[in-house]
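Here is the structure we will look at.
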Amino acid sequence: MMEEKRILRRLSKLKSLLPAGTTVEGLIGKAKERETKMADYIPEISRAEYRPERTYGGIAETASIYVSTKSGSLAELSRFDWEGPTGKDFREDYGDKPIVQRIKPPVFWFNRLLAARGYEGKGDGRLIMVTLEKLLDDHGITVINGVNPYGGLDRKKLTKFYEKYGFVLVEKTIMVREPRPVSKEA
């Protein structure tokens with residue numbers, strides 16, 4: 001209650017910045033309504049797709065993986081040119097690490113994992129990563145990830161998050177995830 005009064009005082013001072021007809025109480029009501037709505041939020045996958053390399057309409061498309069939730073959170077990965085110049089440079093930089101020595105194609109680069117605005121910390125990232133793990137393991141894909149925190153993210157927390165899903169830290173900003181064997185259920 002004390003915290004709410006303090007916020008009300010601060011908002012009242014900012015009233016001149018609010019659109020005409022907007023009340024501080026109305027803003028607090030909307031925030032509480034959104035908080036209640038978000039408390040009941042259950043993440044749900046809307047798309048999980050592995051696209052092998054192909055030629056479409058005469059244009060070569062690189063292999064890609066895309067996973068998204070209904071809220072708009074997403075992960076994108078694209079094929080990493082392991083046998084080409086990029087892969088050669090990577091092996092020169094990190095080839096002394098045992099996990100890098102074990103890498104076999106197909107190899108993908110983890111482009112991004114983004115939580116939809118307002119859905120941070122609500123489970124979308126976990127659901128995307130679990131779904132992504134299955135796709136990667138089913139297709140025998142190794143992933144290289146450049147750990148790049150942005151916004152309010154912290155590198156240590158982000159690294160720990162990826163470690164939960166099998167990523168191994170190679171160097172300060174580079175992680176690798178090897179595919180796990182897929183169990184053959186009868």
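In the structure tokens, chains take letters A, B, ... by order of appearance, with residues numbered from 1 within each chain and ligands from 1 in the order shown.
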Closest-contact table, stretch 29-147 of chain A side, partner stretch 165-185 of chain A, 7 Å, counting only C-alpha atoms, as JSON lines:
{"residue": "A:Lys97", "atom": "CA", "partner": "A:Val170", "partner_atom": "CA", "distance": 6.9}
{"residue": "A:Met129", "atom": "CA", "partner": "A:Tyr165", "partner_atom": "CA", "distance": 6.9}
{"residue": "A:Leu136", "atom": "CA", "partner": "A:Pro179", "partner_atom": "CA", "distance": 6.2}
{"residue": "A:Asp137", "atom": "CA", "partner": "A:Pro179", "partner_atom": "CA", "distance": 4.8}
{"residue": "A:Asp138", "atom": "CA", "partner": "A:Val182", "partner_atom": "CA", "distance": 6.3}
{"residue": "A:Gly140", "atom": "CA", "partner": "A:Pro179", "partner_atom": "CA", "distance": 5.3}
{"residue": "A:Ile141", "atom": "CA", "partner": "A:Pro179", "partner_atom": "CA", "distance": 5.6}
{"residue": "A:Thr142", "atom": "CA", "partner": "A:Glu178", "partner_atom": "CA", "distance": 4.7}
{"residue": "A:Val143", "atom": "CA", "partner": "A:Arg177", "partner_atom": "CA", "distance": 5.1}
{"residue": "A:Ile144", "atom": "CA", "partner": "A:Val176", "partner_atom": "CA", "distance": 4.6}
{"residue": "A:Asn145", "atom": "CA", "partner": "A:Met175", "partner_atom": "CA", "distance": 5.1}
{"residue": "A:Gly146", "atom": "CA", "partner": "A:Ile174", "partner_atom": "CA", "distance": 4.7}
{"residue": "A:Val147", "atom": "CA", "partner": "A:Thr173", "partner_atom": "CA", "distance": 4.8}
Inset, instruction - Name all residues at most 7 Å from A:Trp82 (count only C-alpha atoms; drop same-chain ones fewer than 4 positions away) and give them as a list in words. - result: Thr86, Gly87, Lys88, Pro105 and Val107 of chain A
Legend entry - DSSP strand (DSSP E or B) residues within stretch 74-107 of chain A, as a list of chain:residue names: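 Those in stretch 74-107 of chain A that DSSP calls strand (DSSP E or B) are A:Leu74, A:Ala75, A:Glu76, A:Leu77, A:Ser78, A:Arg79, A:Val107.
Atom CA of A:Leu153 lies 25.3 Å from atom CA of A:Tyr94.
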Inset, instruction - as JSON, numbers by chain, please: all residues of stretch 40-138 of chain A that backbone DSSP puts in alpha helix (DSSP H). - result: {"A": [85, 86, 87, 88, 89, 90, 91, 92, 93, 94, 98, 99, 100, 101, 124, 125, 126, 127, 128, 129, 130, 131, 132, 133, 134, 135, 136, 137, 138]}
Writing out the chosen residues with N, CA, C and O atoms as an mmCIF file, in the first residue's frame:
data_model
loop_
_atom_site.group_PDB
_atom_site.id
_atom_site.type_symbol
_atom_site.label_atom_id
_atom_site.label_comp_id
_atom_site.auth_asym_id
_atom_site.auth_seq_id
_atom_site.Cartn_x
_atom_site.Cartn_y
_atom_site.Cartn_z
ATOM 1 N N PRO A 85 34.846 -21.181 -45.630
ATOM 2 C CA PRO A 85 35.749 -20.242 -44.943
ATOM 3 C C PRO A 85 35.320 -19.894 -43.516
ATOM 4 O O PRO A 85 36.166 -19.766 -42.633
ATOM 5 N N THR A 86 34.021 -19.755 -43.281
ATOM 6 C CA THR A 86 33.535 -19.409 -41.941
ATOM 7 C C THR A 86 33.855 -20.525 -40.952
ATOM 8 O O THR A 86 34.324 -20.277 -39.838
ATOM 9 N N GLY A 87 33.596 -21.759 -41.363
ATOM 10 C CA GLY A 87 33.901 -22.909 -40.518
ATOM 11 C C GLY A 87 35.399 -23.045 -40.275
ATOM 12 O O GLY A 87 35.842 -23.373 -39.169
ATOM 13 N N LYS A 88 36.188 -22.773 -41.308
ATOM 14 C CA LYS A 88 37.651 -22.847 -41.184
ATOM 15 C C LYS A 88 38.139 -21.830 -40.145
ATOM 16 O O LYS A 88 38.945 -22.151 -39.278
ATOM 17 N N ASP A 89 37.624 -20.599 -40.237
ATOM 18 C CA ASP A 89 37.994 -19.564 -39.266
ATOM 19 C C ASP A 89 37.609 -19.976 -37.845
ATOM 20 O O ASP A 89 38.375 -19.784 -36.895
ATOM 21 N N PHE A 90 36.399 -20.546 -37.696
ATOM 22 C CA PHE A 90 35.932 -20.980 -36.381
ATOM 23 C C PHE A 90 36.854 -22.064 -35.825
ATOM 24 O O PHE A 90 37.243 -22.022 -34.661
ATOM 25 N N ARG A 91 37.230 -23.037 -36.675
ATOM 26 C CA ARG A 91 38.120 -24.122 -36.229
ATOM 27 C C ARG A 91 39.500 -23.580 -35.859
ATOM 28 O O ARG A 91 40.119 -24.055 -34.911
ATOM 29 N N GLU A 92 39.972 -22.574 -36.580
ATOM 30 C CA GLU A 92 41.266 -21.968 -36.243
ATOM 31 C C GLU A 92 41.206 -21.270 -34.889
ATOM 32 O O GLU A 92 42.145 -21.337 -34.102
ATOM 33 N N ASP A 93 40.091 -20.594 -34.622
ATOM 34 C CA ASP A 93 39.949 -19.856 -33.362
ATOM 35 C C ASP A 93 39.691 -20.755 -32.154
ATOM 36 O O ASP A 93 40.171 -20.472 -31.055
ATOM 37 N N TYR A 94 38.910 -21.820 -32.331
ATOM 38 C CA TYR A 94 38.456 -22.622 -31.197
ATOM 39 C C TYR A 94 38.780 -24.112 -31.323
ATOM 40 O O TYR A 94 38.331 -24.916 -30.520
ATOM 41 N N PRO A 98 37.972 -29.578 -27.044
ATOM 42 C CA PRO A 98 37.482 -30.914 -27.403
ATOM 43 C C PRO A 98 36.101 -30.922 -28.047
ATOM 44 O O PRO A 98 35.872 -31.655 -29.006
ATOM 45 N N ILE A 99 35.178 -30.105 -27.551
ATOM 46 C CA ILE A 99 33.833 -30.110 -28.121
ATOM 47 C C ILE A 99 33.859 -29.632 -29.578
ATOM 48 O O ILE A 99 33.120 -30.128 -30.414
ATOM 49 N N VAL A 100 34.734 -28.704 -29.892
ATOM 50 C CA VAL A 100 34.845 -28.208 -31.271
ATOM 51 C C VAL A 100 35.466 -29.283 -32.153
ATOM 52 O O VAL A 100 35.075 -29.459 -33.308
ATOM 53 N N GLN A 101 36.401 -30.050 -31.621
ATOM 54 C CA GLN A 101 37.037 -31.128 -32.386
ATOM 55 C C GLN A 101 36.029 -32.217 -32.748
ATOM 56 O O GLN A 101 36.207 -32.920 -33.743
ATOM 57 N N ASP A 124 8.000 -18.795 -22.307
ATOM 58 C CA ASP A 124 8.130 -18.973 -23.756
ATOM 59 C C ASP A 124 9.513 -19.499 -24.129
ATOM 60 O O ASP A 124 9.646 -20.409 -24.948
ATOM 61 N N GLY A 125 10.562 -18.913 -23.551
ATOM 62 C CA GLY A 125 11.927 -19.324 -23.865
ATOM 63 C C GLY A 125 12.170 -20.785 -23.535
ATOM 64 O O GLY A 125 12.756 -21.524 -24.329
ATOM 65 N N ARG A 126 11.697 -21.216 -22.374
ATOM 66 C CA ARG A 126 11.854 -22.624 -21.979
ATOM 67 C C ARG A 126 11.135 -23.544 -22.954
ATOM 68 O O ARG A 126 11.686 -24.560 -23.389
ATOM 69 N N LEU A 127 9.909 -23.201 -23.306
ATOM 70 C CA LEU A 127 9.135 -24.030 -24.229
ATOM 71 C C LEU A 127 9.799 -24.074 -25.609
ATOM 72 O O LEU A 127 9.892 -25.130 -26.233
ATOM 73 N N ILE A 128 10.276 -22.943 -26.067
ATOM 74 C CA ILE A 128 10.968 -22.899 -27.360
ATOM 75 C C ILE A 128 12.213 -23.778 -27.312
ATOM 76 O O ILE A 128 12.478 -24.553 -28.239
ATOM 77 N N MET A 129 12.992 -23.687 -26.241
ATOM 78 C CA MET A 129 14.228 -24.462 -26.154
ATOM 79 C C MET A 129 13.966 -25.964 -26.085
ATOM 80 O O MET A 129 14.680 -26.750 -26.712
ATOM 81 N N VAL A 130 12.934 -26.386 -25.373
ATOM 82 C CA VAL A 130 12.593 -27.809 -25.298
ATOM 83 C C VAL A 130 12.179 -28.311 -26.681
ATOM 84 O O VAL A 130 12.589 -29.385 -27.126
ATOM 85 N N THR A 131 11.382 -27.510 -27.390
ATOM 86 C CA THR A 131 10.952 -27.861 -28.744
ATOM 87 C C THR A 131 12.154 -27.902 -29.682
ATOM 88 O O THR A 131 12.292 -28.811 -30.507
ATOM 89 N N LEU A 132 13.014 -26.921 -29.546
ATOM 90 C CA LEU A 132 14.216 -26.830 -30.368
ATOM 91 C C LEU A 132 15.142 -28.030 -30.119
ATOM 92 O O LEU A 132 15.684 -28.608 -31.070
ATOM 93 N N GLU A 133 15.303 -28.425 -28.855
ATOM 94 C CA GLU A 133 16.132 -29.597 -28.536
ATOM 95 C C GLU A 133 15.682 -30.819 -29.333
ATOM 96 O O GLU A 133 16.502 -31.543 -29.891
ATOM 97 N N LYS A 134 14.376 -31.043 -29.385
ATOM 98 C CA LYS A 134 13.847 -32.202 -30.108
ATOM 99 C C LYS A 134 14.169 -32.112 -31.594
ATOM 100 O O LYS A 134 14.625 -33.093 -32.196
ATOM 101 N N LEU A 135 13.959 -30.947 -32.196
ATOM 102 C CA LEU A 135 14.281 -30.782 -33.624
ATOM 103 C C LEU A 135 15.765 -31.029 -33.894
ATOM 104 O O LEU A 135 16.130 -31.720 -34.847
ATOM 105 N N LEU A 136 16.619 -30.463 -33.051
ATOM 106 C CA LEU A 136 18.061 -30.611 -33.239
ATOM 107 C C LEU A 136 18.491 -32.068 -33.094
ATOM 108 O O LEU A 136 19.270 -32.580 -33.906
ATOM 109 N N ASP A 137 17.986 -32.741 -32.074
ATOM 110 C CA ASP A 137 18.346 -34.130 -31.843
ATOM 111 C C ASP A 137 17.799 -35.038 -32.945
ATOM 112 O O ASP A 137 18.501 -35.929 -33.424
ATOM 113 N N ASP A 138 16.557 -34.814 -33.360
ATOM 114 C CA ASP A 138 15.950 -35.632 -34.416
ATOM 115 C C ASP A 138 16.723 -35.543 -35.728
ATOM 116 O O ASP A 138 16.757 -36.498 -36.503
#
